[in-house]
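Engineer: Quick one, target16.pdb (PDB, C-alpha atoms and all ligand atoms):
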MODEL        1
ATOM      1  CA  MET A   1      95.170 108.110 100.152
ATOM      2  CA  TRP A   2      95.618 106.788  96.588
ATOM      3  CA  GLU A   3      95.423 110.304  95.140
ATOM      4  CA  LEU A   4      97.826 111.693  97.754
ATOM      5  CA  VAL A   5     100.337 108.942  97.029
ATOM      6  CA  GLN A   6     100.090 109.477  93.258
ATOM      7  CA  GLU A   7     100.457 113.243  93.689
ATOM      8  CA  THR A   8     103.618 112.758  95.742
ATOM      9  CA  VAL A   9     104.996 110.181  93.302
ATOM     10  CA  SER A  10     104.354 112.535  90.355
ATOM     11  CA  PHE A  11     106.105 115.363  92.204
ATOM     12  CA  ILE A  12     109.162 113.198  92.890
ATOM     13  CA  LYS A  13     109.244 111.800  89.350
ATOM     14  CA  ALA A  14     109.253 115.336  87.984
ATOM     15  CA  LYS A  15     112.377 116.016  90.104
ATOM     16  CA  THR A  16     114.229 112.821  89.227
ATOM     17  CA  ASN A  17     113.470 110.083  86.725
ATOM     18  CA  PHE A  18     115.398 107.617  88.869
ATOM     19  CA  THR A  19     113.531 104.303  89.316
ATOM     20  CA  PRO A  20     114.644 102.529  92.502
ATOM     21  CA  GLU A  21     114.345  98.764  92.896
ATOM     22  CA  TYR A  22     115.202  98.762  96.601
ATOM     23  CA  GLY A  23     113.702 100.910  99.329
ATOM     24  CA  VAL A  24     115.674 101.249 102.555
ATOM     25  CA  ILE A  25     114.364 102.669 105.834
ATOM     26  CA  LEU A  26     117.223 103.690 108.104
ATOM     27  CA  GLY A  27     116.603 103.472 111.837
ATOM     28  CA  SER A  28     118.192 105.135 114.881
ATOM     29  CA  GLY A  29     121.916 105.704 114.475
ATOM     30  CA  LEU A  30     122.005 103.951 111.112
ATOM     31  CA  GLY A  31     121.519 106.998 108.935
ATOM     32  CA  ASN A  32     125.086 106.983 107.620
ATOM     33  CA  PHE A  33     124.240 104.073 105.343
ATOM     34  CA  THR A  34     123.759 106.772 102.737
ATOM     35  CA  ASP A  35     127.574 107.089 102.626
ATOM     36  CA  ASP A  36     127.541 103.723 100.838
ATOM     37  CA  ILE A  37     125.227 105.057  98.165
ATOM     38  CA  GLN A  38     126.462 106.812  95.066
ATOM     39  CA  ILE A  39     123.975 109.584  95.480
ATOM     40  CA  GLU A  40     122.118 110.907  92.464
ATOM     41  CA  TYR A  41     119.559 113.056  94.175
ATOM     42  CA  THR A  42     118.524 114.058  97.694
ATOM     43  CA  LEU A  43     115.069 115.330  98.483
ATOM     44  CA  PRO A  44     114.391 116.733 101.985
ATOM     45  CA  TYR A  45     111.062 115.592 103.419
ATOM     46  CA  SER A  46     110.155 119.228 104.010
ATOM     47  CA  GLU A  47     110.016 119.743 100.224
ATOM     48  CA  ILE A  48     107.868 116.704  99.454
ATOM     49  CA  PRO A  49     104.120 117.319  99.276
ATOM     50  CA  ASN A  50     102.058 115.231 101.745
ATOM     51  CA  PHE A  51     105.176 114.025 103.608
ATOM     52  CA  PRO A  52     105.345 114.426 107.400
ATOM     53  CA  VAL A  53     108.579 115.847 108.903
ATOM     54  CA  SER A  54     110.726 113.871 111.357
ATOM     55  CA  THR A  55     111.045 115.302 114.882
ATOM     56  CA  VAL A  56     113.364 112.902 116.734
ATOM     57  CA  GLU A  57     117.027 113.635 117.413
ATOM     58  CA  GLY A  58     119.288 111.287 115.464
ATOM     59  CA  HIS A  59     116.837 111.063 112.594
ATOM     60  CA  LYS A  60     117.517 113.090 109.499
ATOM     61  CA  GLY A  61     114.709 113.747 107.097
ATOM     62  CA  ALA A  62     115.369 113.118 103.429
ATOM     63  CA  LEU A  63     114.803 110.691 100.594
ATOM     64  CA  VAL A  64     118.149 109.746  99.091
ATOM     65  CA  PHE A  65     118.238 108.317  95.565
ATOM     66  CA  GLY A  66     121.307 106.570  94.201
ATOM     67  CA  SER A  67     123.161 103.408  93.296
ATOM     68  CA  ILE A  68     124.927 100.635  95.128
ATOM     69  CA  GLY A  69     126.899  98.898  92.416
ATOM     70  CA  ASP A  70     124.373  98.278  89.651
ATOM     71  CA  LYS A  71     121.392  98.350  92.032
ATOM     72  CA  LYS A  72     119.185 101.393  92.300
ATOM     73  CA  VAL A  73     117.968 102.375  95.735
ATOM     74  CA  VAL A  74     115.955 105.001  97.518
ATOM     75  CA  ALA A  75     116.758 105.409 101.203
ATOM     76  CA  MET A  76     114.608 107.072 103.818
ATOM     77  CA  GLN A  77     116.997 108.942 106.043
ATOM     78  CA  GLY A  78     114.739 109.193 109.064
ATOM     79  CA  ARG A  79     111.350 107.607 109.603
ATOM     80  CA  PHE A  80     108.073 108.620 111.225
ATOM     81  CA  HIS A  81     106.945 107.092 114.489
ATOM     82  CA  TYR A  82     103.412 106.766 115.794
ATOM     83  CA  TYR A  83     104.546 108.125 119.182
ATOM     84  CA  GLU A  84     105.501 111.408 117.536
ATOM     85  CA  GLY A  85     101.812 112.038 117.030
ATOM     86  CA  TYR A  86     101.476 111.082 113.385
ATOM     87  CA  SER A  87      98.555 108.971 112.259
ATOM     88  CA  MET A  88      99.302 105.461 111.068
ATOM     89  CA  GLN A  89      98.539 106.659 107.531
ATOM     90  CA  GLU A  90     101.276 109.279 107.899
ATOM     91  CA  VAL A  91     103.743 106.828 109.464
ATOM     92  CA  THR A  92     103.368 104.455 106.520
ATOM     93  CA  PHE A  93     102.865 107.009 103.732
ATOM     94  CA  PRO A  94     106.502 106.885 102.539
ATOM     95  CA  VAL A  95     106.298 103.099 102.087
ATOM     96  CA  ARG A  96     103.349 103.593  99.746
ATOM     97  CA  VAL A  97     105.247 106.290  97.876
ATOM     98  CA  MET A  98     108.307 104.073  97.522
ATOM     99  CA  LYS A  99     106.169 101.299  96.047
ATOM    100  CA  TYR A 100     104.842 103.574  93.300
ATOM    101  CA  LEU A 101     108.299 104.984  92.629
ATOM    102  CA  GLY A 102     109.103 101.430  91.518
ATOM    103  CA  VAL A 103     110.425  99.777  94.671
ATOM    104  CA  GLN A 104     109.992  95.995  94.777
ATOM    105  CA  LYS A 105     112.092  95.110  97.810
ATOM    106  CA  LEU A 106     112.056  96.906 101.126
ATOM    107  CA  ILE A 107     114.818  96.819 103.731
ATOM    108  CA  VAL A 108     114.011  98.182 107.186
ATOM    109  CA  SER A 109     116.333  98.711 110.115
ATOM    110  CA  ASN A 110     115.755  99.674 113.705
ATOM    111  CA  ALA A 111     117.135  99.699 117.222
ATOM    112  CA  SER A 112     115.459  97.500 119.796
ATOM    113  CA  GLY A 113     115.638  96.250 123.350
ATOM    114  CA  GLY A 114     116.570  92.595 123.723
ATOM    115  CA  VAL A 115     114.628  90.220 125.969
ATOM    116  CA  ASN A 116     116.176  87.013 124.653
ATOM    117  CA  PRO A 117     118.839  86.011 127.224
ATOM    118  CA  ASN A 118     121.119  84.888 124.381
ATOM    119  CA  TYR A 119     121.299  88.430 123.065
ATOM    120  CA  LYS A 120     123.720  91.157 124.125
ATOM    121  CA  VAL A 121     124.006  94.866 123.397
ATOM    122  CA  GLY A 122     125.353  95.395 119.879
ATOM    123  CA  ASP A 123     123.912  92.171 118.457
ATOM    124  CA  ILE A 124     122.505  92.263 114.950
ATOM    125  CA  VAL A 125     119.186  90.456 114.698
ATOM    126  CA  LEU A 126     117.557  89.443 111.423
ATOM    127  CA  ILE A 127     113.828  89.856 112.009
ATOM    128  CA  LYS A 128     112.045  86.632 111.084
ATOM    129  CA  ASP A 129     108.582  87.632 112.283
ATOM    130  CA  HIS A 130     106.819  90.288 114.322
ATOM    131  CA  ILE A 131     104.059  90.717 116.871
ATOM    132  CA  ASN A 132     101.907  93.774 116.373
ATOM    133  CA  MET A 133     101.027  95.407 119.699
ATOM    134  CA  VAL A 134     100.822  98.952 118.396
ATOM    135  CA  PRO A 135      97.397 100.291 119.416
ATOM    136  CA  GLU A 136      96.315 101.525 115.976
ATOM    137  CA  HIS A 137      96.368  99.571 112.739
ATOM    138  CA  PRO A 138      97.582 101.213 109.510
ATOM    139  CA  LEU A 139      95.001  99.327 107.436
ATOM    140  CA  ARG A 140      92.001 100.229 109.595
ATOM    141  CA  GLY A 141      89.269 101.880 107.548
ATOM    142  CA  LYS A 142      87.940 101.431 104.040
ATOM    143  CA  ASN A 143      90.309  99.315 101.975
ATOM    144  CA  ASP A 144      91.559 100.605  98.645
ATOM    145  CA  GLU A 145      91.942  97.532  96.441
ATOM    146  CA  ARG A 146      94.367  99.419  94.208
ATOM    147  CA  PHE A 147      96.934  99.098  97.014
ATOM    148  CA  GLY A 148      96.084  95.571  98.074
ATOM    149  CA  PRO A 149      93.474  93.235  99.572
ATOM    150  CA  ARG A 150      91.247  93.853 102.595
ATOM    151  CA  PHE A 151      92.592  90.853 104.484
ATOM    152  CA  VAL A 152      96.328  90.712 104.136
ATOM    153  CA  ASN A 153      98.253  87.460 104.301
ATOM    154  CA  MET A 154     100.898  87.842 107.019
ATOM    155  CA  SER A 155     102.385  84.344 106.859
ATOM    156  CA  GLU A 156     105.740  85.605 105.604
ATOM    157  CA  PRO A 157     106.123  89.317 106.360
ATOM    158  CA  TYR A 158     109.921  88.977 106.254
ATOM    159  CA  SER A 159     111.233  87.232 103.140
ATOM    160  CA  LYS A 160     112.711  83.856 104.006
ATOM    161  CA  LYS A 161     114.804  84.010 100.858
ATOM    162  CA  MET A 162     116.293  87.358 101.839
ATOM    163  CA  ILE A 163     116.990  86.132 105.379
ATOM    164  CA  ALA A 164     118.748  83.012 104.043
ATOM    165  CA  GLN A 165     120.835  85.103 101.673
ATOM    166  CA  ALA A 166     121.685  87.603 104.433
ATOM    167  CA  LYS A 167     122.825  84.799 106.733
ATOM    168  CA  GLU A 168     125.098  83.438 104.025
ATOM    169  CA  LEU A 169     126.533  86.882 103.314
ATOM    170  CA  ALA A 170     127.003  87.571 107.033
ATOM    171  CA  GLN A 171     129.028  84.397 107.399
ATOM    172  CA  LYS A 172     131.132  85.210 104.345
ATOM    173  CA  ASN A 173     131.883  88.635 105.752
ATOM    174  CA  ASN A 174     132.508  87.529 109.344
ATOM    175  CA  ILE A 175     129.500  89.364 110.691
ATOM    176  CA  GLU A 176     127.770  87.600 113.562
ATOM    177  CA  VAL A 177     124.003  87.677 113.223
ATOM    178  CA  LYS A 178     121.127  86.222 115.195
ATOM    179  CA  ASP A 179     117.497  85.978 114.246
ATOM    180  CA  GLY A 180     114.410  86.729 116.217
ATOM    181  CA  ILE A 181     110.882  88.000 116.608
ATOM    182  CA  TYR A 182     110.335  91.745 116.991
ATOM    183  CA  LEU A 183     107.423  93.042 119.029
ATOM    184  CA  GLY A 184     106.183  96.521 118.179
ATOM    185  CA  LEU A 185     104.854  98.797 120.917
ATOM    186  CA  GLN A 186     103.753 102.411 120.732
ATOM    187  CA  GLY A 187     106.384 104.024 123.000
ATOM    188  CA  PRO A 188     107.708 106.640 123.589
ATOM    189  CA  THR A 189     108.464 105.233 127.035
ATOM    190  CA  PHE A 190     110.942 102.404 127.226
ATOM    191  CA  GLU A 191     109.390  99.343 128.851
ATOM    192  CA  THR A 192     108.979  98.769 132.561
ATOM    193  CA  LEU A 193     110.607  95.611 133.897
ATOM    194  CA  ALA A 194     107.181  93.985 133.965
ATOM    195  CA  GLU A 195     106.606  94.969 130.343
ATOM    196  CA  TYR A 196     109.954  93.546 129.168
ATOM    197  CA  LYS A 197     108.915  90.342 130.925
ATOM    198  CA  MET A 198     105.565  90.460 129.113
ATOM    199  CA  VAL A 199     107.340  90.878 125.776
ATOM    200  CA  LYS A 200     109.371  87.765 126.498
ATOM    201  CA  ILE A 201     106.350  85.755 127.652
ATOM    202  CA  LEU A 202     104.478  86.754 124.496
ATOM    203  CA  GLY A 203     107.165  85.026 122.468
ATOM    204  CA  ALA A 204     109.271  87.895 121.156
ATOM    205  CA  ASP A 205     113.044  88.306 121.294
ATOM    206  CA  CYS A 206     113.225  92.080 121.084
ATOM    207  CA  VAL A 207     110.982  95.116 121.361
ATOM    208  CA  GLY A 208     110.849  98.486 119.661
ATOM    209  CA  MET A 209     108.678 101.400 118.591
ATOM    210  CA  SER A 210     108.782 101.255 114.788
ATOM    211  CA  THR A 211     108.900  98.925 111.783
ATOM    212  CA  VAL A 212     105.707  96.904 112.354
ATOM    213  CA  PRO A 213     103.300  99.422 110.736
ATOM    214  CA  GLU A 214     105.664  99.919 107.783
ATOM    215  CA  VAL A 215     105.997  96.180 107.233
ATOM    216  CA  ILE A 216     102.228  95.660 107.440
ATOM    217  CA  VAL A 217     101.739  98.247 104.707
ATOM    218  CA  ALA A 218     104.572  96.663 102.691
ATOM    219  CA  CYS A 219     102.720  93.324 102.959
ATOM    220  CA  HIS A 220      99.495  95.025 101.890
ATOM    221  CA  MET A 221     101.245  96.076  98.665
ATOM    222  CA  ASP A 222     103.118  92.789  98.249
ATOM    223  CA  LEU A 223     106.618  94.215  98.723
ATOM    224  CA  GLU A 224     109.292  91.676  99.562
ATOM    225  CA  THR A 225     110.693  92.800 102.910
ATOM    226  CA  PHE A 226     113.845  92.307 104.961
ATOM    227  CA  GLY A 227     114.222  93.636 108.512
ATOM    228  CA  VAL A 228     117.292  94.006 110.704
ATOM    229  CA  SER A 229     117.448  95.161 114.301
ATOM    230  CA  VAL A 230     120.375  96.295 116.446
ATOM    231  CA  ILE A 231     120.054  95.368 120.111
ATOM    232  CA  THR A 232     120.839  98.599 121.940
ATOM    233  CA  ASP A 233     119.846  97.610 125.483
ATOM    234  CA  MET A 234     118.780  94.514 127.352
ATOM    235  CA  GLY A 235     115.465  94.060 129.105
ATOM    236  CA  ASP A 236     116.116  90.455 130.045
ATOM    237  CA  GLU A 237     115.618  89.871 133.787
ATOM    238  CA  GLU A 238     119.169  88.573 134.253
ATOM    239  CA  SER A 239     120.866  91.393 132.414
ATOM    240  CA  ILE A 240     118.449  94.282 132.834
ATOM    241  CA  GLU A 241     119.917  97.729 132.280
ATOM    242  CA  THR A 242     118.695 101.250 132.626
ATOM    243  CA  VAL A 243     118.404 102.769 129.197
ATOM    244  CA  SER A 244     118.486 106.269 127.745
ATOM    245  CA  HIS A 245     118.013 107.511 124.196
ATOM    246  CA  GLU A 246     121.723 108.481 124.123
ATOM    247  CA  GLU A 247     122.766 104.924 124.994
ATOM    248  CA  VAL A 248     120.456 103.550 122.325
ATOM    249  CA  LEU A 249     121.995 105.855 119.724
ATOM    250  CA  GLU A 250     125.532 105.004 120.821
ATOM    251  CA  ALA A 251     124.968 101.243 120.711
ATOM    252  CA  ALA A 252     123.331 101.572 117.294
ATOM    253  CA  ARG A 253     126.237 103.676 116.024
ATOM    254  CA  ASN A 254     128.755 101.083 117.220
ATOM    255  CA  ALA A 255     126.991  98.329 115.295
ATOM    256  CA  GLU A 256     126.463 100.551 112.282
ATOM    257  CA  PRO A 257     129.490  99.544 110.160
ATOM    258  CA  LYS A 258     128.455  95.873 110.310
ATOM    259  CA  VAL A 259     124.777  96.560 109.585
ATOM    260  CA  ARG A 260     125.764  98.819 106.718
ATOM    261  CA  LYS A 261     128.030  96.166 105.255
ATOM    262  CA  LEU A 262     125.322  93.510 105.573
ATOM    263  CA  ILE A 263     122.630  95.606 103.902
ATOM    264  CA  LYS A 264     125.020  96.659 101.163
ATOM    265  CA  GLU A 265     126.022  93.043 100.455
ATOM    266  CA  LEU A 266     122.393  91.947 100.430
ATOM    267  CA  ILE A 267     121.444  94.642  97.946
ATOM    268  CA  LEU A 268     124.412  93.774  95.715
ATOM    269  CA  ASN A 269     123.822  90.031  95.784
ATOM    270  CA  TYR A 270     120.107  89.413  96.157
TER     271      TYR A 270
HETATM  272  N1  LIG B 301     112.362  99.363 124.020
HETATM  273  C1  LIG B 301     111.691  99.930 123.017
HETATM  274  N2  LIG B 301     112.273 100.501 121.989
HETATM  275  C2  LIG B 301     113.604 100.489 121.936
HETATM  276  C3  LIG B 301     114.368  99.907 122.946
HETATM  277  C4  LIG B 301     113.703  99.320 124.051
HETATM  278  O1  LIG B 301     114.318  98.793 124.992
HETATM  279  N3  LIG B 301     115.664 100.063 122.598
HETATM  280  C5  LIG B 301     115.679 100.719 121.420
HETATM  281  N4  LIG B 301     114.433 100.979 121.010
ENDMDL
END
Here is the file; what I need is its structure written in the form of structure tokens.

Structural biologist:
Amino acid sequence: MWELVQETVSFIKAKTNFTPEYGVILGSGLGNFTDDIQIEYTLPYSEIPNFPVSTVEGHKGALVFGSIGDKKVVAMQGRFHYYEGYSMQEVTFPVRVMKYLGVQKLIVSNASGGVNPNYKVGDIVLIKDHINMVPEHPLRGKNDERFGPRFVNMSEPYSKKMIAQAKELAQKNNIEVKDGIYLGLQGPTFETLAEYKMVKILGADCVGMSTVPEVIVACHMDLETFGVSVITDMGDEESIETVSHEEVLEAARNAEPKVRKLIKELILNY
């Protein structure tokens, strides 16, 4: 893995000498965040050695390098999901690459189903913790100490400082935000009613099919991480809805301007 990561990093560095400080992973319907970036260089995943290629509708596949104000960022337009058939090493490979391109802070976004009765469709949730229920672990196997320790401290996977700053910026910009715990499942099925109930009983506020493996690997490499989720459907017993991928994308798109603004402000001010 180390050699593969270094090979990919060398390839990218030969294409652009841009050193990003922030890495951003754009989730469902949030891909247009790249419009806020003064783009220096775009590299399609298909041209990057060792990179998997995204297969889900609504997910573009490219690394976008550029600036937001005086901050340098690399954005992943499209991510890899375990349910697509990739191994956990593939799903999290780009996070490792971003680290060795120079990234110190990671911002991840996703769409999720809400089980907290105080949530509604379109809500923006700052992820304060997660529960890993994905059936394979990205750090299973021999540990490479060059990346990080065998036993990873997960006491603060989402930076409290970044959350506090984001809350302040949200208030300043009249963006309503909530916070909550995200539970990661494999998918690709949405949850049954009994499963949404389970998610709630387990202590989570929302549920989705991404993010958790990426954040675990970010913790492994000691990246400071911020996560934001858009509630695209409700699985709470009182407000249960049927859900389709189209509805998820539409709800995410509707919240997109606010999420974009929030992430942009955080990058500019943190
Ligand atoms: N469940 C799982 N993943 C999701 C959901 C959901 O309800 N909504 C968006 N992604």

Engineer: Check which residues fall inside 9 Å of ligand LIG 301 (chain B) when counting only C-alpha atoms and all ligand atoms, and print them as a compact mmCIF listing (two decimals) with C-alpha atoms, in the coordinates of the input.

Structural biologist:
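Output saved as out.txt:
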# COMPACT_ATOMS: atom_id res chain seq x y z
CA SER A 28 118.19 105.14 114.88
CA ASN A 110 115.76 99.67 113.70
CA ALA A 111 117.14 99.70 117.22
CA SER A 112 115.46 97.50 119.80
CA GLY A 113 115.64 96.25 123.35
CA GLY A 114 116.57 92.60 123.72
CA VAL A 115 114.63 90.22 125.97
CA GLY A 184 106.18 96.52 118.18
CA LEU A 185 104.85 98.80 120.92
CA GLN A 186 103.75 102.41 120.73
CA GLY A 187 106.38 104.02 123.00
CA PRO A 188 107.71 106.64 123.59
CA THR A 189 108.46 105.23 127.04
CA PHE A 190 110.94 102.40 127.23
CA GLU A 191 109.39 99.34 128.85
CA TYR A 196 109.95 93.55 129.17
CA CYS A 206 113.22 92.08 121.08
CA VAL A 207 110.98 95.12 121.36
CA GLY A 208 110.85 98.49 119.66
CA MET A 209 108.68 101.40 118.59
CA SER A 210 108.78 101.26 114.79
CA VAL A 230 120.38 96.30 116.45
CA ILE A 231 120.05 95.37 120.11
CA THR A 232 120.84 98.60 121.94
CA ASP A 233 119.85 97.61 125.48
CA MET A 234 118.78 94.51 127.35
CA GLY A 235 115.46 94.06 129.10
CA VAL A 243 118.40 102.77 129.20
CA SER A 244 118.49 106.27 127.74
CA HIS A 245 118.01 107.51 124.20
CA GLU A 247 122.77 104.92 124.99
CA VAL A 248 120.46 103.55 122.32
CA LEU A 249 122.00 105.86 119.72
CA ALA A 252 123.33 101.57 117.29

Engineer: The PyMOL selection byres (((chain A and resi 224) around 8) and not hetatm) on the file shown: which residues, as a PyMOL selection string?

Structural biologist: chain A and resi 104-106+157-159+218-219+222-223+225-226

Engineer: Applying the PyMOL selection byres (((chain A and resi 180) around 7) and not hetatm) to the file I just gave you, which residues come out? Please list them as a list in words.

Structural biologist: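 On the file shown, the PyMOL selection byres (((chain A and resi 180) around 7) and not hetatm) covers Val125, Leu126, Ile127, Lys128, Lys178, Asp179, Ile181, Tyr182 and Asp205 of chain A.
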
Engineer: For CA of Ala75 (chain A) and CA of Asn17 (chain A), determine how far apart the two atoms are, in Å to one decimal place.

Structural biologist: 15.6 Å

Engineer: Return the single residue from A:Ile37, A:Arg79, A:Ala204, A:Asn118 that is closest to Ile131 (chain A), with distances computed using all atoms listed in the file.

Structural biologist: A:Ala204

Engineer: For Pro20 (chain A), list every protein, DNA or RNA residue within 10 Å, evaluated using all atoms listed in the file, and leave out those in the same chain fewer than 3 positions away; present the list as a VMD selection string.

Structural biologist: chain A and resid 17 23 65 to 67 71 to 75 98 to 105

Engineer: For Gly227 (chain A), which residue out of A:Phe93, A:Glu3, A:Val259, A:Ile12 is the nearest one, using only C-alpha atoms?

Structural biologist: A:Val259

Engineer: I need the residue set behind the PyMOL selection byres (((chain A and resi 7) around 12) and not hetatm) for this file; please write it as an mmCIF file with C-alpha atoms, in the frame of the given file.

Structural biologist:
data_model
loop_
_atom_site.group_PDB
_atom_site.id
_atom_site.type_symbol
_atom_site.label_atom_id
_atom_site.label_comp_id
_atom_site.auth_asym_id
_atom_site.auth_seq_id
_atom_site.Cartn_x
_atom_site.Cartn_y
_atom_site.Cartn_z
ATOM 1 C CA MET A 1 95.170 108.110 100.152
ATOM 2 C CA TRP A 2 95.618 106.788 96.588
ATOM 3 C CA GLU A 3 95.423 110.304 95.140
ATOM 4 C CA LEU A 4 97.826 111.693 97.754
ATOM 5 C CA VAL A 5 100.337 108.942 97.029
ATOM 6 C CA GLN A 6 100.090 109.477 93.258
ATOM 7 C CA THR A 8 103.618 112.758 95.742
ATOM 8 C CA VAL A 9 104.996 110.181 93.302
ATOM 9 C CA SER A 10 104.354 112.535 90.355
ATOM 10 C CA PHE A 11 106.105 115.363 92.204
ATOM 11 C CA ILE A 12 109.162 113.198 92.890
ATOM 12 C CA LYS A 13 109.244 111.800 89.350
ATOM 13 C CA ALA A 14 109.253 115.336 87.984
ATOM 14 C CA ILE A 48 107.868 116.704 99.454
ATOM 15 C CA PRO A 49 104.120 117.319 99.276
ATOM 16 C CA ASN A 50 102.058 115.231 101.745
ATOM 17 C CA PHE A 51 105.176 114.025 103.608
ATOM 18 C CA ARG A 96 103.349 103.593 99.746
ATOM 19 C CA VAL A 97 105.247 106.290 97.876
ATOM 20 C CA TYR A 100 104.842 103.574 93.300
ATOM 21 C CA LEU A 101 108.299 104.984 92.629
#

Engineer: Quick one: pull the distance between CA of Ile201 (chain A) and CA of Asn254 (chain A), Å, one decimal.

Structural biologist: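 Separation of CA of Ile201 (chain A) and CA of Asn254 (chain A): 29.1 Å.
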
Engineer: Return the single residue from A:Asn153, A:Glu237, A:Asn269, A:Leu30 that is closest to Leu193 (chain A), with distances computed using only C-alpha atoms.

Structural biologist: A:Glu237

Engineer: Please compute the CA of Asn32 (chain A)-CA of Thr211 (chain A) distance, one decimal, in Å.

Structural biologist: 18.6 Å

Engineer: Could you rebuild region 162-175 of chain A with N, CA, C and O atoms and give it back as a PDB file, keeping the file's coordinate frame?

Structural biologist:
ATOM      1  N   MET A 162     115.352  86.272 101.513  1.00  0.00           N
ATOM      2  CA  MET A 162     116.293  87.358 101.839  1.00  0.00           C
ATOM      3  C   MET A 162     117.036  87.055 103.139  1.00  0.00           C
ATOM      4  O   MET A 162     118.227  87.327 103.255  1.00  0.00           O
ATOM      5  N   ILE A 163     116.340  86.477 104.105  1.00  0.00           N
ATOM      6  CA  ILE A 163     116.990  86.132 105.379  1.00  0.00           C
ATOM      7  C   ILE A 163     118.089  85.096 105.134  1.00  0.00           C
ATOM      8  O   ILE A 163     119.208  85.229 105.641  1.00  0.00           O
ATOM      9  N   ALA A 164     117.760  84.064 104.326  1.00  0.00           N
ATOM     10  CA  ALA A 164     118.748  83.012 104.043  1.00  0.00           C
ATOM     11  C   ALA A 164     119.976  83.597 103.353  1.00  0.00           C
ATOM     12  O   ALA A 164     121.120  83.300 103.710  1.00  0.00           O
ATOM     13  N   GLN A 165     119.715  84.468 102.396  1.00  0.00           N
ATOM     14  CA  GLN A 165     120.835  85.103 101.673  1.00  0.00           C
ATOM     15  C   GLN A 165     121.656  85.981 102.618  1.00  0.00           C
ATOM     16  O   GLN A 165     122.886  85.982 102.577  1.00  0.00           O
ATOM     17  N   ALA A 166     120.974  86.718 103.495  1.00  0.00           N
ATOM     18  CA  ALA A 166     121.685  87.603 104.433  1.00  0.00           C
ATOM     19  C   ALA A 166     122.550  86.789 105.398  1.00  0.00           C
ATOM     20  O   ALA A 166     123.670  87.195 105.736  1.00  0.00           O
ATOM     21  N   LYS A 167     122.048  85.644 105.817  1.00  0.00           N
ATOM     22  CA  LYS A 167     122.825  84.799 106.733  1.00  0.00           C
ATOM     23  C   LYS A 167     124.096  84.305 106.049  1.00  0.00           C
ATOM     24  O   LYS A 167     125.168  84.284 106.640  1.00  0.00           O
ATOM     25  N   GLU A 168     123.946  83.903 104.800  1.00  0.00           N
ATOM     26  CA  GLU A 168     125.098  83.438 104.025  1.00  0.00           C
ATOM     27  C   GLU A 168     126.128  84.558 103.866  1.00  0.00           C
ATOM     28  O   GLU A 168     127.328  84.365 104.074  1.00  0.00           O
ATOM     29  N   LEU A 169     125.637  85.739 103.524  1.00  0.00           N
ATOM     30  CA  LEU A 169     126.533  86.882 103.314  1.00  0.00           C
ATOM     31  C   LEU A 169     127.189  87.315 104.622  1.00  0.00           C
ATOM     32  O   LEU A 169     128.353  87.722 104.641  1.00  0.00           O
ATOM     33  N   ALA A 170     126.445  87.206 105.726  1.00  0.00           N
ATOM     34  CA  ALA A 170     127.003  87.571 107.033  1.00  0.00           C
ATOM     35  C   ALA A 170     128.176  86.649 107.359  1.00  0.00           C
ATOM     36  O   ALA A 170     129.244  87.104 107.782  1.00  0.00           O
ATOM     37  N   GLN A 171     127.973  85.368 107.116  1.00  0.00           N
ATOM     38  CA  GLN A 171     129.028  84.397 107.399  1.00  0.00           C
ATOM     39  C   GLN A 171     130.260  84.673 106.542  1.00  0.00           C
ATOM     40  O   GLN A 171     131.381  84.702 107.046  1.00  0.00           O
ATOM     41  N   LYS A 172     130.028  84.909 105.269  1.00  0.00           N
ATOM     42  CA  LYS A 172     131.132  85.210 104.345  1.00  0.00           C
ATOM     43  C   LYS A 172     131.927  86.420 104.792  1.00  0.00           C
ATOM     44  O   LYS A 172     133.119  86.507 104.581  1.00  0.00           O
ATOM     45  N   ASN A 173     131.237  87.375 105.378  1.00  0.00           N
ATOM     46  CA  ASN A 173     131.883  88.635 105.752  1.00  0.00           C
ATOM     47  C   ASN A 173     132.216  88.718 107.238  1.00  0.00           C
ATOM     48  O   ASN A 173     132.510  89.803 107.750  1.00  0.00           O
ATOM     49  N   ASN A 174     132.163  87.570 107.913  1.00  0.00           N
ATOM     50  CA  ASN A 174     132.508  87.529 109.344  1.00  0.00           C
ATOM     51  C   ASN A 174     131.678  88.453 110.212  1.00  0.00           C
ATOM     52  O   ASN A 174     132.181  89.076 111.134  1.00  0.00           O
ATOM     53  N   ILE A 175     130.405  88.549 109.881  1.00  0.00           N
ATOM     54  CA  ILE A 175     129.500  89.364 110.691  1.00  0.00           C
ATOM     55  C   ILE A 175     128.591  88.406 111.449  1.00  0.00           C
ATOM     56  O   ILE A 175     127.898  87.587 110.835  1.00  0.00           O
TER      57      ILE A 175
END
